[in-house]
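Structure, as structure tokens:
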Amino acid sequence: MAFIVVFLEGALFSFSLCFDLGMVNVAIMKTGIERGFRRSFMIGFGSCFGDLLYLTLALLGVSIILNIPFIHWFMWSIGSLFLLYLTFKMLWETWHPKSMNAGDQSVEGRTLLKEFLTGIGLAIASPTSIAWFALIAGPIVAGMKINEGTILFPFIAGFFAAGLVWSVVVAAISSLTGNLFNASITRVLSFVSALLYLYFALKILFQGL
């Protein structure tokens, strides 16, 4: 694959995770509203490293266990089904958007380092991240053969860059507008996320077949 194609694959892979408006995004937005761009961005920046940790574990898992035919087929089947489930889930949320409730947890008194560490912790603890990397990352990585050295770097670079861009955008919107995403934006993000999930579901399905 050309460098740019693999880079974009990594970016799409990252965006499909970012567009799920879970606890990491809520924390970024809440901090942006209450304490401004810098602290909000540091949470997002930290979450990029938490996601990168899971991606590294997925890459290691591919090189170690997915060469076993039974495990390869099992992960292919589960990954495809889970992606289809997420596709329908995001389509449902397109018509029934989530309530973006930031909650009442105080963010007063945290340093930039603490915001960064909070971002890492939230990404690692996110149920979506755990399921996503456990069930989906392996089959996608195996199908692309990105454990090869010449392909590995651009994929990781695209993955990290997309997470960084997303963190900047969400932190800027929340700090400048003082608002959480409204229902219309939530619907758009849910629909785009559904398209990305469907893309990866079909990709895994046809590669497996």
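Chain labels follow the order of the structure tokens: the first chain is A, the next B, and so on; residue numbering restarts at 1 in every chain, and ligands are counted from 1 in their shown order.
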
Go through segment 30-64 of chain A residue by residue and, counting only C-alpha atoms, keep those with an atom at most 10 Å from segment 166-173 of chain A; for each kept residue give the shortest atom pair and its distance in Å to one decimal, ordered by chain and increasing number, as JSON lines.
```
{"residue": "A:Lys30", "atom": "CA", "partner": "A:Ala171", "partner_atom": "CA", "distance": 9.2}
{"residue": "A:Thr31", "atom": "CA", "partner": "A:Ala171", "partner_atom": "CA", "distance": 8.2}
{"residue": "A:Gly32", "atom": "CA", "partner": "A:Ala171", "partner_atom": "CA", "distance": 5.6}
{"residue": "A:Ile33", "atom": "CA", "partner": "A:Ala171", "partner_atom": "CA", "distance": 8.7}
{"residue": "A:Gly36", "atom": "CA", "partner": "A:Ala171", "partner_atom": "CA", "distance": 7.9}
{"residue": "A:Phe37", "atom": "CA", "partner": "A:Ala171", "partner_atom": "CA", "distance": 5.4}
{"residue": "A:Arg38", "atom": "CA", "partner": "A:Ala171", "partner_atom": "CA", "distance": 7.9}
{"residue": "A:Arg39", "atom": "CA", "partner": "A:Ala171", "partner_atom": "CA", "distance": 8.5}
{"residue": "A:Ser40", "atom": "CA", "partner": "A:Ala171", "partner_atom": "CA", "distance": 5.3}
{"residue": "A:Phe41", "atom": "CA", "partner": "A:Ala171", "partner_atom": "CA", "distance": 5.3}
{"residue": "A:Met42", "atom": "CA", "partner": "A:Ser167", "partner_atom": "CA", "distance": 8.4}
{"residue": "A:Ile43", "atom": "CA", "partner": "A:Ser167", "partner_atom": "CA", "distance": 8.1}
{"residue": "A:Gly44", "atom": "CA", "partner": "A:Ser167", "partner_atom": "CA", "distance": 4.7}
{"residue": "A:Phe45", "atom": "CA", "partner": "A:Ser167", "partner_atom": "CA", "distance": 6.5}
{"residue": "A:Gly46", "atom": "CA", "partner": "A:Ser167", "partner_atom": "CA", "distance": 9.5}
{"residue": "A:Ser47", "atom": "CA", "partner": "A:Ser167", "partner_atom": "CA", "distance": 8.7}
{"residue": "A:Cys48", "atom": "CA", "partner": "A:Ser167", "partner_atom": "CA", "distance": 8.4}
```

Quick one: residues within 12 Å of Phe160 of chain A, only C-alpha atoms, excluding same-chain residues fewer than 3 positions away - as a PyMOL selection string? chain A and resi 7-15+17-18+44-56+153-157+163-167

Interatomic distance, atom CA of Val192 of chain A to atom CA of Thr177 of chain A (Å, one decimal):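 Separating atom CA of Val192 of chain A from atom CA of Thr177 of chain A is a distance of 22.7 Å.
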
Contacts of segment 83-88 of chain A at 7 Å (only C-alpha atoms; same-chain gap of 2+ positions) as a ChimeraX atom specification: /A:79-81,90-92,194,197-198,201

Could you turn the residues from that selection into a file that holds C-alpha atoms, as a PDB file, in the first residue's frame?
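Dumped everything to selection36.pdb:
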```
ATOM      1  CA  GLY A  79     -15.216  -8.594  14.799  1.00  0.00           C
ATOM      2  CA  SER A  80     -17.566  -8.508  11.804  1.00  0.00           C
ATOM      3  CA  LEU A  81     -20.658  -9.071  13.945  1.00  0.00           C
ATOM      4  CA  MET A  90     -24.977   4.471  15.603  1.00  0.00           C
ATOM      5  CA  LEU A  91     -27.842   4.578  13.104  1.00  0.00           C
ATOM      6  CA  TRP A  92     -30.255   4.308  16.028  1.00  0.00           C
ATOM      7  CA  ALA A 194     -22.153   4.370  11.454  1.00  0.00           C
ATOM      8  CA  TYR A 197     -18.260   1.086  11.230  1.00  0.00           C
ATOM      9  CA  LEU A 198     -19.993  -0.278   8.127  1.00  0.00           C
ATOM     10  CA  ALA A 201     -17.313  -4.349   8.816  1.00  0.00           C
TER      11      ALA A 201
END
```
